[in-house]
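Colleague: For reference, the file upload_23.tsv (TSV, C-alpha atoms and all ligand atoms) is included below:
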```
chain	number	residue	atom	x	y	z
A	1	MET	CA	0.00	0.00	0.00
A	2	PHE	CA	1.43	3.36	-1.08
A	3	ILE	CA	0.49	6.41	0.97
A	4	LEU	CA	1.39	10.06	0.46
A	5	GLY	CA	1.69	11.91	3.78
A	6	ILE	CA	1.46	15.68	4.18
A	7	GLU	CA	2.54	17.56	7.32
A	8	SER	CA	2.10	21.32	7.67
A	9	SER	CA	1.09	21.91	11.30
A	10	CYS	CA	3.79	24.39	12.27
A	11	ASP	CA	6.92	25.62	10.50
A	12	ASP	CA	8.01	22.53	8.55
A	13	THR	CA	6.46	21.67	5.19
A	14	SER	CA	6.88	17.95	4.74
A	15	ALA	CA	5.76	15.24	2.33
A	16	ALA	CA	6.59	11.54	2.46
A	17	VAL	CA	5.70	8.35	0.63
A	18	SER	CA	5.39	4.99	2.35
A	19	MET	CA	4.99	1.42	1.18
A	20	ASN	CA	3.21	-0.31	4.08
A	21	THR	CA	5.46	0.48	7.09
A	22	VAL	CA	8.54	1.28	4.99
A	23	ILE	CA	9.31	4.92	4.24
A	24	LEU	CA	10.35	5.46	0.63
A	25	SER	CA	10.93	9.21	0.94
A	26	ASN	CA	10.60	11.88	3.62
A	27	VAL	CA	11.20	15.44	2.44
A	28	VAL	CA	11.19	18.26	5.01
A	29	SER	CA	11.50	21.93	4.15
A	30	SER	CA	12.15	23.88	7.37
A	31	GLN	CA	11.21	27.55	7.30
A	32	LEU	CA	14.23	29.62	8.25
A	33	ILE	CA	12.30	32.90	8.08
A	34	HIS	CA	11.20	32.59	11.75
A	35	LYS	CA	14.74	32.61	13.18
A	36	LYS	CA	15.01	36.36	13.36
A	37	TYR	CA	11.65	36.75	15.10
A	38	GLY	CA	12.50	34.42	18.00
A	39	GLY	CA	9.48	32.19	17.34
A	40	VAL	CA	7.10	31.04	14.62
A	41	VAL	CA	5.13	33.88	13.01
A	42	PRO	CA	1.85	32.17	11.96
A	43	GLU	CA	1.14	34.39	8.95
A	44	LEU	CA	4.64	33.88	7.53
A	45	ALA	CA	4.40	30.14	8.20
A	46	SER	CA	1.18	29.80	6.15
A	47	ARG	CA	2.66	31.76	3.25
A	48	ALA	CA	5.82	29.62	3.27
A	49	HIS	CA	3.76	26.39	3.31
A	50	GLU	CA	1.79	27.67	0.31
A	51	LYS	CA	5.03	28.25	-1.56
A	52	ASN	CA	6.69	24.98	-0.52
A	53	ILE	CA	3.94	22.41	-0.66
A	54	ILE	CA	4.01	21.54	-4.36
A	55	PRO	CA	7.82	21.32	-4.75
A	56	VAL	CA	8.06	19.27	-1.53
A	57	VAL	CA	5.39	16.79	-2.70
A	58	GLU	CA	7.01	16.55	-6.17
A	59	GLN	CA	10.37	15.83	-4.55
A	60	ALA	CA	8.88	13.16	-2.25
A	61	LEU	CA	7.22	11.38	-5.19
A	62	LYS	CA	10.40	11.64	-7.26
A	63	GLU	CA	12.61	10.19	-4.50
A	64	ALA	CA	10.11	7.37	-3.91
A	65	LYS	CA	9.90	6.74	-7.68
A	66	ILE	CA	6.11	6.74	-7.35
A	67	LYS	CA	3.54	8.45	-9.56
A	68	MET	CA	0.47	10.16	-8.10
A	69	GLU	CA	-1.74	7.54	-9.79
A	70	ASP	CA	0.09	4.71	-7.95
A	71	LEU	CA	-0.91	6.04	-4.54
A	72	ASN	CA	-3.55	4.19	-2.52
A	73	GLY	CA	-4.35	7.02	-0.14
A	74	ILE	CA	-3.55	10.59	0.88
A	75	ALA	CA	-2.88	11.25	4.58
A	76	PHE	CA	-2.59	14.71	6.10
A	77	THR	CA	-2.29	16.41	9.47
A	78	LYS	CA	-5.71	17.55	10.64
A	79	GLY	CA	-4.37	19.17	13.83
A	80	PRO	CA	-3.41	20.28	16.40
A	81	GLY	CA	-1.28	23.10	15.07
A	82	LEU	CA	-1.42	26.59	13.59
A	83	LEU	CA	-4.69	26.93	11.71
A	84	GLY	CA	-3.31	28.84	8.70
A	85	SER	CA	-0.51	26.28	8.35
A	86	LEU	CA	-2.85	23.30	8.70
A	87	LEU	CA	-5.18	24.75	6.06
A	88	VAL	CA	-2.47	24.56	3.40
A	89	GLY	CA	-1.76	20.84	3.92
A	90	THR	CA	-5.44	20.01	4.38
A	91	SER	CA	-6.53	21.83	1.21
A	92	PHE	CA	-3.74	20.23	-0.78
A	93	ALA	CA	-4.62	16.73	0.48
A	94	LYS	CA	-8.34	17.19	-0.17
A	95	ALA	CA	-7.71	18.47	-3.70
A	96	ALA	CA	-5.30	15.61	-4.46
A	97	ALA	CA	-7.71	12.99	-3.10
A	98	LEU	CA	-10.58	14.46	-5.13
A	99	ALA	CA	-8.57	14.75	-8.35
A	100	LEU	CA	-7.17	11.21	-8.05
A	101	ASN	CA	-10.32	9.70	-6.57
A	102	LYS	CA	-8.27	8.18	-3.71
A	103	PRO	CA	-9.17	7.77	-0.02
A	104	LEU	CA	-8.37	10.62	2.34
A	105	LEU	CA	-6.92	9.92	5.80
A	106	ASP	CA	-6.96	12.59	8.52
A	107	VAL	CA	-4.21	12.27	11.10
A	108	HIS	CA	-3.80	13.62	14.64
A	109	HIS	CA	-0.34	15.23	14.82
A	110	MET	CA	0.52	14.11	18.37
A	111	LYS	CA	-0.63	10.53	17.77
A	112	ALA	CA	1.48	10.54	14.61
A	113	HIS	CA	4.59	11.43	16.66
A	114	ILE	CA	3.90	8.27	18.68
A	115	LEU	CA	3.17	6.09	15.65
A	116	ALA	CA	6.56	7.07	14.19
A	117	HIS	CA	7.80	4.14	16.33
A	118	PHE	CA	6.11	1.75	13.93
A	119	ILE	CA	8.11	2.94	10.91
A	120	ASP	CA	10.58	0.23	9.89
A	121	GLN	CA	13.94	1.50	11.16
A	122	LYS	CA	17.26	-0.31	10.92
A	123	GLU	CA	18.17	-2.26	14.08
A	124	LYS	CA	15.21	-0.85	15.99
A	125	ASN	CA	12.53	-2.88	17.72
A	126	LYS	CA	8.97	-1.61	17.88
A	127	PRO	CA	7.30	-1.11	21.27
A	128	ASN	CA	4.86	-3.73	22.55
A	129	PHE	CA	1.35	-2.74	23.65
A	130	PRO	CA	0.52	-1.37	26.12
A	131	PHE	CA	3.37	1.12	26.36
A	132	LEU	CA	3.91	4.57	27.81
A	133	CYS	CA	5.01	7.37	25.54
A	134	LEU	CA	6.57	10.59	26.72
A	135	THR	CA	5.49	12.98	23.97
A	136	VAL	CA	7.50	16.18	24.10
A	137	SER	CA	7.33	18.85	21.44
A	138	GLY	CA	7.22	22.62	21.05
A	139	GLY	CA	3.49	22.70	21.76
A	140	HIS	CA	2.85	19.61	23.91
A	141	THR	CA	4.22	17.63	26.81
A	142	GLN	CA	2.25	14.50	27.58
A	143	ILE	CA	2.47	11.03	29.00
A	144	VAL	CA	0.31	8.81	26.83
A	145	LEU	CA	-0.84	5.29	27.58
A	146	VAL	CA	-0.77	3.63	24.16
A	147	LYS	CA	-3.10	0.64	24.03
A	148	SER	CA	-3.05	-0.01	20.28
A	149	HIS	CA	-2.14	1.80	17.07
A	150	LEU	CA	-5.36	3.77	17.30
A	151	GLU	CA	-6.26	3.72	21.00
A	152	MET	CA	-4.35	6.20	23.14
A	153	GLU	CA	-5.10	7.83	26.48
A	154	VAL	CA	-3.36	10.99	27.72
A	155	ILE	CA	-2.67	10.32	31.42
A	156	GLY	CA	-0.58	13.41	32.12
A	157	LYS	CA	0.16	16.73	30.47
A	158	THR	CA	1.65	20.14	31.04
A	159	ILE	CA	-0.52	22.65	32.84
A	160	ASP	CA	1.30	25.56	31.18
A	161	ASP	CA	4.35	25.60	28.86
A	162	ALA	CA	5.56	22.59	26.88
A	163	ALA	CA	9.07	21.19	27.37
A	164	GLY	CA	10.14	22.44	23.92
A	165	GLU	CA	8.75	25.85	24.78
A	166	ALA	CA	10.86	25.86	27.96
A	167	PHE	CA	13.96	25.19	25.86
A	168	ASP	CA	13.00	27.80	23.27
A	169	LYS	CA	12.06	30.52	25.78
A	170	ALA	CA	15.20	30.00	27.87
A	171	ALA	CA	17.24	30.16	24.67
A	172	LYS	CA	15.55	33.44	23.75
A	173	ILE	CA	16.42	34.85	27.20
A	174	MET	CA	20.06	34.00	26.42
A	175	GLY	CA	19.79	35.73	23.02
A	176	LEU	CA	19.84	32.50	20.97
A	177	GLU	CA	17.90	32.06	17.73
A	178	TYR	CA	14.66	30.12	17.35
A	179	PRO	CA	14.34	27.16	17.73
A	180	GLY	CA	16.61	27.25	20.76
A	181	GLY	CA	16.28	23.60	21.82
A	182	PRO	CA	18.91	22.22	19.43
A	183	LEU	CA	21.28	25.12	20.28
A	184	ILE	CA	20.99	24.53	24.03
A	185	ASP	CA	21.68	20.86	23.37
A	186	LYS	CA	24.80	21.81	21.37
A	187	TYR	CA	26.24	24.29	23.90
A	188	ALA	CA	25.44	21.93	26.80
A	189	THR	CA	27.92	19.39	25.42
A	190	ASN	CA	30.79	21.44	26.85
A	191	GLY	CA	29.03	22.56	30.04
A	192	ASP	CA	28.72	21.42	33.64
A	193	PRO	CA	25.12	20.32	34.34
A	194	GLU	CA	25.65	20.73	38.09
A	195	LYS	CA	26.99	24.31	37.96
A	196	PHE	CA	23.64	26.07	38.44
A	197	LYS	CA	20.59	24.74	40.27
A	198	PHE	CA	17.06	25.62	39.21
A	199	ALA	CA	14.02	24.74	41.29
A	200	LYS	CA	11.81	21.92	40.01
A	201	PRO	CA	8.02	22.30	40.20
A	202	LYS	CA	5.93	20.11	42.47
A	203	ILE	CA	2.97	19.10	40.35
A	204	ALA	CA	0.52	16.32	41.16
A	205	ASP	CA	0.03	13.02	39.32
A	206	TYR	CA	1.69	12.73	35.91
A	207	ASN	CA	1.31	16.40	35.02
A	208	PHE	CA	4.07	18.87	34.24
A	209	SER	CA	4.74	22.59	34.59
A	210	PHE	CA	7.54	24.57	32.97
A	211	SER	CA	6.50	28.20	33.25
A	212	GLY	CA	7.97	28.60	36.78
A	213	LEU	CA	11.32	27.32	35.55
A	214	LYS	CA	11.30	29.85	32.70
A	215	THR	CA	10.54	32.73	35.10
A	216	SER	CA	13.15	31.69	37.65
A	217	PHE	CA	15.69	31.32	34.83
A	218	LEU	CA	14.86	34.84	33.62
A	219	TYR	CA	15.22	36.39	37.11
A	220	PHE	CA	18.46	34.48	37.70
A	221	ILE	CA	19.95	35.77	34.43
A	222	GLN	CA	18.80	39.34	35.07
A	223	LYS	CA	20.40	39.29	38.52
A	224	LYS	CA	23.68	37.84	37.24
A	225	ILE	CA	23.89	40.31	34.34
A	226	LYS	CA	23.69	43.18	36.83
A	227	GLU	CA	26.77	41.76	38.55
A	228	ASN	CA	28.58	40.88	35.32
A	229	PRO	CA	27.33	42.10	31.90
A	230	ASN	CA	29.23	39.25	30.17
A	231	PHE	CA	27.65	36.57	32.34
A	232	ILE	CA	25.71	34.87	29.53
A	233	SER	CA	28.57	34.64	27.06
A	234	GLU	CA	31.02	33.51	29.76
A	235	GLU	CA	28.69	30.88	31.16
A	236	MET	CA	26.75	29.79	28.06
A	237	PRO	CA	27.75	26.08	28.12
A	238	ASN	CA	27.16	25.78	31.90
A	239	LEU	CA	23.84	27.61	31.70
A	240	CYS	CA	22.68	25.37	28.85
A	241	ALA	CA	23.85	22.16	30.53
A	242	SER	CA	22.25	23.06	33.88
A	243	LEU	CA	18.95	24.15	32.36
A	244	GLN	CA	18.86	21.07	30.13
A	245	LYS	CA	19.50	18.80	33.12
A	246	THR	CA	16.63	20.39	35.05
A	247	ILE	CA	14.18	19.87	32.16
A	248	VAL	CA	15.35	16.30	31.58
A	249	ASP	CA	15.11	15.47	35.31
A	250	ILE	CA	11.53	16.76	35.43
A	251	LEU	CA	10.57	14.61	32.42
A	252	ILE	CA	12.35	11.46	33.58
A	253	GLU	CA	10.94	11.66	37.11
A	254	LYS	CA	7.36	11.64	35.80
A	255	ILE	CA	7.76	8.88	33.23
A	256	LYS	CA	9.47	6.73	35.88
A	257	LYS	CA	6.59	7.35	38.28
A	258	ALA	CA	3.99	6.41	35.64
A	259	SER	CA	5.94	3.29	34.69
A	260	THR	CA	6.17	2.11	38.30
A	261	ASN	CA	2.57	2.89	39.25
A	262	LEU	CA	1.05	1.33	36.13
A	263	ASN	CA	3.56	-1.50	36.06
A	264	ILE	CA	4.40	-0.88	32.40
A	265	ASN	CA	8.05	-1.29	31.51
A	266	GLU	CA	7.73	-0.45	27.82
A	267	ILE	CA	8.63	3.25	27.46
A	268	ALA	CA	8.81	5.25	24.24
A	269	ILE	CA	9.61	8.86	23.53
A	270	ALA	CA	8.27	11.05	20.75
A	271	GLY	CA	8.19	14.66	19.51
A	272	GLY	CA	10.86	17.23	18.73
A	273	VAL	CA	12.43	17.30	22.20
A	274	SER	CA	13.17	13.58	21.90
A	275	ALA	CA	16.07	14.69	19.69
A	276	ASN	CA	17.71	16.06	22.86
A	277	SER	CA	20.92	14.17	23.60
A	278	ALA	CA	20.69	14.42	27.42
A	279	LEU	CA	17.13	13.10	27.38
A	280	ARG	CA	18.15	10.24	25.09
A	281	LYS	CA	21.05	9.42	27.42
A	282	ALA	CA	18.83	9.51	30.52
A	283	LEU	CA	16.39	7.15	28.83
A	284	GLU	CA	19.19	4.80	27.84
A	285	GLN	CA	20.12	4.70	31.55
A	286	LEU	CA	16.55	3.67	32.39
A	287	ASN	CA	16.96	0.90	29.84
A	288	LYS	CA	20.28	-0.29	31.25
A	289	ASN	CA	19.87	0.22	34.98
A	290	HIS	CA	16.16	0.11	35.73
A	291	GLY	CA	14.93	-2.82	33.67
A	292	LYS	CA	12.81	-0.73	31.30
A	293	ASN	CA	12.55	-1.33	27.55
A	294	VAL	CA	13.10	2.11	26.07
A	295	TYR	CA	12.33	3.02	22.45
A	296	ILE	CA	13.91	6.11	20.90
A	297	PRO	CA	13.17	7.00	17.26
A	298	ASP	CA	15.80	8.00	14.70
A	299	PHE	CA	16.47	11.76	14.68
A	300	GLU	CA	14.62	12.36	11.41
A	301	TYR	CA	11.42	10.93	12.94
A	302	CYS	CA	11.63	12.98	16.17
A	303	THR	CA	10.93	16.48	14.87
A	304	ASP	CA	8.00	17.22	12.56
A	305	ASN	CA	7.99	15.01	9.47
A	306	ALA	CA	5.48	13.53	7.05
A	307	ALA	CA	6.77	9.95	7.42
A	308	MET	CA	4.86	9.77	10.70
A	309	ILE	CA	1.75	10.98	8.86
A	310	CYS	CA	2.16	8.17	6.29
A	311	ILE	CA	2.44	5.49	8.97
A	312	SER	CA	-0.62	6.88	10.79
A	313	GLY	CA	-2.52	6.94	7.50
A	314	TYR	CA	-1.53	3.31	6.95
A	315	TYR	CA	-3.13	2.21	10.24
A	316	LEU	CA	-6.24	4.31	9.57
A	317	PHE	CA	-6.51	2.69	6.14
A	318	GLN	CA	-6.07	-0.80	7.64
A	319	ASN	CA	-8.96	-0.03	10.00
A	320	LYS	CA	-11.04	1.51	7.18
A	321	ILE	CA	-11.22	4.89	8.93
A	322	PHE	CA	-11.46	7.39	6.08
A	323	ALA	CA	-12.21	11.11	5.97
A	324	ASP	CA	-14.47	12.66	3.36
A	325	GLN	CA	-14.36	15.98	1.50
A	326	SER	CA	-16.21	17.74	4.34
A	327	VAL	CA	-13.26	17.23	6.71
A	328	THR	CA	-11.73	20.42	8.16
A	329	CYS	CA	-8.51	21.00	10.03
A	330	SER	CA	-8.54	22.15	13.61
A	331	ALA	CA	-5.99	24.07	15.71
A	332	ARG	CA	-7.02	22.19	18.84
A	333	ILE	CA	-8.18	18.59	18.75
N	401	LIG	O1	7.71	18.12	17.34
N	401	LIG	P1	8.35	19.38	16.89
N	401	LIG	O2	9.29	19.32	15.70
N	401	LIG	O3	7.28	20.47	16.54
N	401	LIG	C1	6.12	20.61	17.29
N	401	LIG	O4	5.15	19.86	17.00
N	401	LIG	O5	6.15	21.44	18.22
N	401	LIG	O6	9.11	19.99	18.16
N	401	LIG	C2	9.81	21.20	18.08
N	401	LIG	C3	10.44	21.46	19.43
N	401	LIG	C4	11.05	22.85	19.54
N	401	LIG	O7	10.63	23.42	20.77
N	401	LIG	C5	12.55	22.59	19.54
N	401	LIG	O8	13.30	23.53	20.24
N	401	LIG	C6	12.60	21.24	20.22
N	401	LIG	O9	11.50	20.52	19.68
N	401	LIG	N1	13.85	20.51	19.93
N	401	LIG	C7	14.79	20.27	20.87
N	401	LIG	C8	15.86	19.62	20.20
N	401	LIG	N2	15.52	19.48	18.88
N	401	LIG	C9	14.29	20.04	18.74
N	401	LIG	N3	14.81	20.54	22.18
N	401	LIG	C10	15.91	20.18	22.86
N	401	LIG	N4	16.98	19.55	22.30
N	401	LIG	C11	16.99	19.24	20.98
N	401	LIG	N5	18.04	18.62	20.43
N	402	ZN	ZN	5.31	17.93	16.30
```
Before we go any further, please render this structure as C-alpha cells.
Ligand code: KG4
Ligand code: ZN

Modeller:
Amino acid sequence: MFILGIESSCDDTSAAVSMNTVILSNVVSSQLIHKKYGGVVPELASRAHEKNIIPVVEQALKEAKIKMEDLNGIAFTKGPGLLGSLLVGTSFAKAAALALNKPLLDVHHMKAHILAHFIDQKEKNKPNFPFLCLTVSGGHTQIVLVKSHLEMEVIGKTIDDAAGEAFDKAAKIMGLEYPGGPLIDKYATNGDPEKFKFAKPKIADYNFSFSGLKTSFLYFIQKKIKENPNFISEEMPNLCASLQKTIVDILIEKIKKASTNLNINEIAIAGGVSANSALRKALEQLNKNHGKNVYIPDFEYCTDNAAMICISGYYLFQNKIFADQSVTCSARI
C-alpha cells in the first residue's frame, strides 16, 4: 500500500511516501524565516507552506519513484497546530484525493509522533502494547498510555508551557535564535550540568509545569547580568547544561513514576524534544539500569515530518477509517 503523507502543522512543510510500514521518501523543508523573530510567526508560516507544498510533494514522489496515480491514499495532518498552516496541507490533500479519486486519511499530529515508532527502522525494535510514551514537542508535553495503534489515552500533560517551549524561551532569554532547543543541546555538550541549580516544580500526578522554571531562569539571568554584563557569554555552556538537566530530570521523574505505578516497563519517547541528547542518554540509563525497555526514534522521525503521517494513514486505512471531503482542520483537537 502506497500512501502520500502531508505535514504542515507548524513551520516545517513535509511530504513523504510509504509502502506499508517502509518509508520510501521523507522530504522536510524547514522555514528559516522565523529565526530572526524568536518564534514562529503564523502568517509567515502559512505563506511559506503555500510556496513549498508543491515542490516538496514533487520531490517526495520523485525520490520514492512513485507516480500520483500509484498512490492508494492521501494522509494529512488535521491538527493540532497553527490553523493557517494546517489549512495549506489540508486543502492540498483534499484536492489531491478528489482529483485522483483516492481515499483521504486525517491524522492527529501528536498521535502521529507516537506512531513514528512503527516505521521500519534499521536495528530498531517496535514497542509492545501497552506502552507509555513521553510525547514532548514545542506545543505539547504529555504522558500517553498507548493501548493499540489507534487507541491512546493521555494520562498526564503540562498545565502551562511545553518542554520544547521551555527550551525555546530559555534560549531566547540568552539571546539565541529560534528554535533554541537544538542550540541549548549543542552548547550543553561542553558545560557542567551541576553548575547552576534551578528549582523543580511540584505538580501532582503525571502532570508537568515549565512556566515557573522559565521565570526563575529569567530572574536568575537578570540578577547575574547586573553583577557581570558578560555573564551569559562567559557561562553559556554551563547555563545550557544546567537548564537542560533540570528539564530532563523533570521529564524522567514523571515517566518513571507512571511506569512504576502502572507497572508498564515499555517506554517510548516522541516529539521534537526527543532529539535532545541528554534526554536520550537519561532514557538509555533507564533501559540499562532500571529494567525498562526504552524506544527512541531515529532523529529524522523525532521532529516534525510527514513519514509519521504516512504510517498513521496506513493504520487508519487498515482499520477503514477514512475522511471525506467535508473534513476540516482544527488548531485544537
Ligand atoms: O515536534 P516538533 O518538531 O514540533 C512541534 O510539534 O512542536 O518539536 C519542536 C520542538 C522545539 O521546541 C525545539 O526547540 C525542540 O522541539 N527541539 C529540541 C531539540 N531538537 C528540537 N529541544 C531540545 N533539544 C533538541 N536537540
Ligand atoms: Zn510535532

Colleague: For Phe92 in chain A, find every residue with an atom within 9 Å (counting all atoms listed in the file), except residues of its own chain fewer than 3 positions away, and show them as a VMD selection string.

Modeller: chain A and resid 6 53 to 54 76 87 to 89 95 to 97

Colleague: For those residues, write C-alpha atoms to a file as a PDB file, in the coordinates of the input.

Modeller:
```pdb
ATOM      1  CA  ILE A   6       1.460  15.680   4.180  1.00  0.00           C
ATOM      2  CA  ILE A  53       3.940  22.410  -0.660  1.00  0.00           C
ATOM      3  CA  ILE A  54       4.010  21.540  -4.360  1.00  0.00           C
ATOM      4  CA  PHE A  76      -2.590  14.710   6.100  1.00  0.00           C
ATOM      5  CA  LEU A  87      -5.180  24.750   6.060  1.00  0.00           C
ATOM      6  CA  VAL A  88      -2.470  24.560   3.400  1.00  0.00           C
ATOM      7  CA  GLY A  89      -1.760  20.840   3.920  1.00  0.00           C
ATOM      8  CA  ALA A  95      -7.710  18.470  -3.700  1.00  0.00           C
ATOM      9  CA  ALA A  96      -5.300  15.610  -4.460  1.00  0.00           C
ATOM     10  CA  ALA A  97      -7.710  12.990  -3.100  1.00  0.00           C
TER      11      ALA A  97
END
```

Colleague: Could you list, as JSON, numbers by chain, all residues that come within 7 Å of ligand LIG 401 (chain N)? Count only C-alpha atoms and all ligand atoms.

Modeller: {"A": [10, 137, 138, 139, 140, 164, 165, 167, 168, 179, 180, 181, 182, 184, 185, 271, 272, 273, 274, 275, 276, 277, 302, 303, 304]}

Colleague: Give the answer as one residue: which of A:Ser233, A:Gln31, A:Ser18, A:Thr141 has the shortest atom-to-atom distance to ligand ZN 402 (chain N), using all atoms listed in the file?

Modeller: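 Answer, going by the shortest atom-to-atom distance: A:Thr141.
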
Colleague: So what do you get for CA of Ser25 in chain A versus CA of Ala116 in chain A, distance-wise?

Modeller: 14.1 Å

Colleague: Quick one: residues within 7 Å of Ser312 in chain A, only C-alpha atoms counted, chain neighbours fewer than 3 positions away excluded, as a list of chain:residue names?

Modeller: A:Val107, A:Ala112, A:Leu115, A:Met308, A:Ile309, A:Tyr315, A:Leu316

Colleague: Using C-alpha atoms, can you export the residues from the last selection as a short mmCIF file (atom, residue, chain, number, x, y, z; two decimals), keeping the file's coordinate frame?

Modeller:
```
data_model
loop_
_atom_site.label_atom_id
_atom_site.label_comp_id
_atom_site.auth_asym_id
_atom_site.auth_seq_id
_atom_site.Cartn_x
_atom_site.Cartn_y
_atom_site.Cartn_z
CA VAL A 107 -4.21 12.27 11.10
CA ALA A 112 1.48 10.54 14.61
CA LEU A 115 3.17 6.09 15.65
CA MET A 308 4.86 9.77 10.70
CA ILE A 309 1.75 10.98 8.86
CA TYR A 315 -3.13 2.21 10.24
CA LEU A 316 -6.24 4.31 9.57
#
```

Colleague: For CA of Lys292 in chain A and CA of Arg280 in chain A, quote the distance in Å rounded to one decimal.

Modeller: 13.7 Å
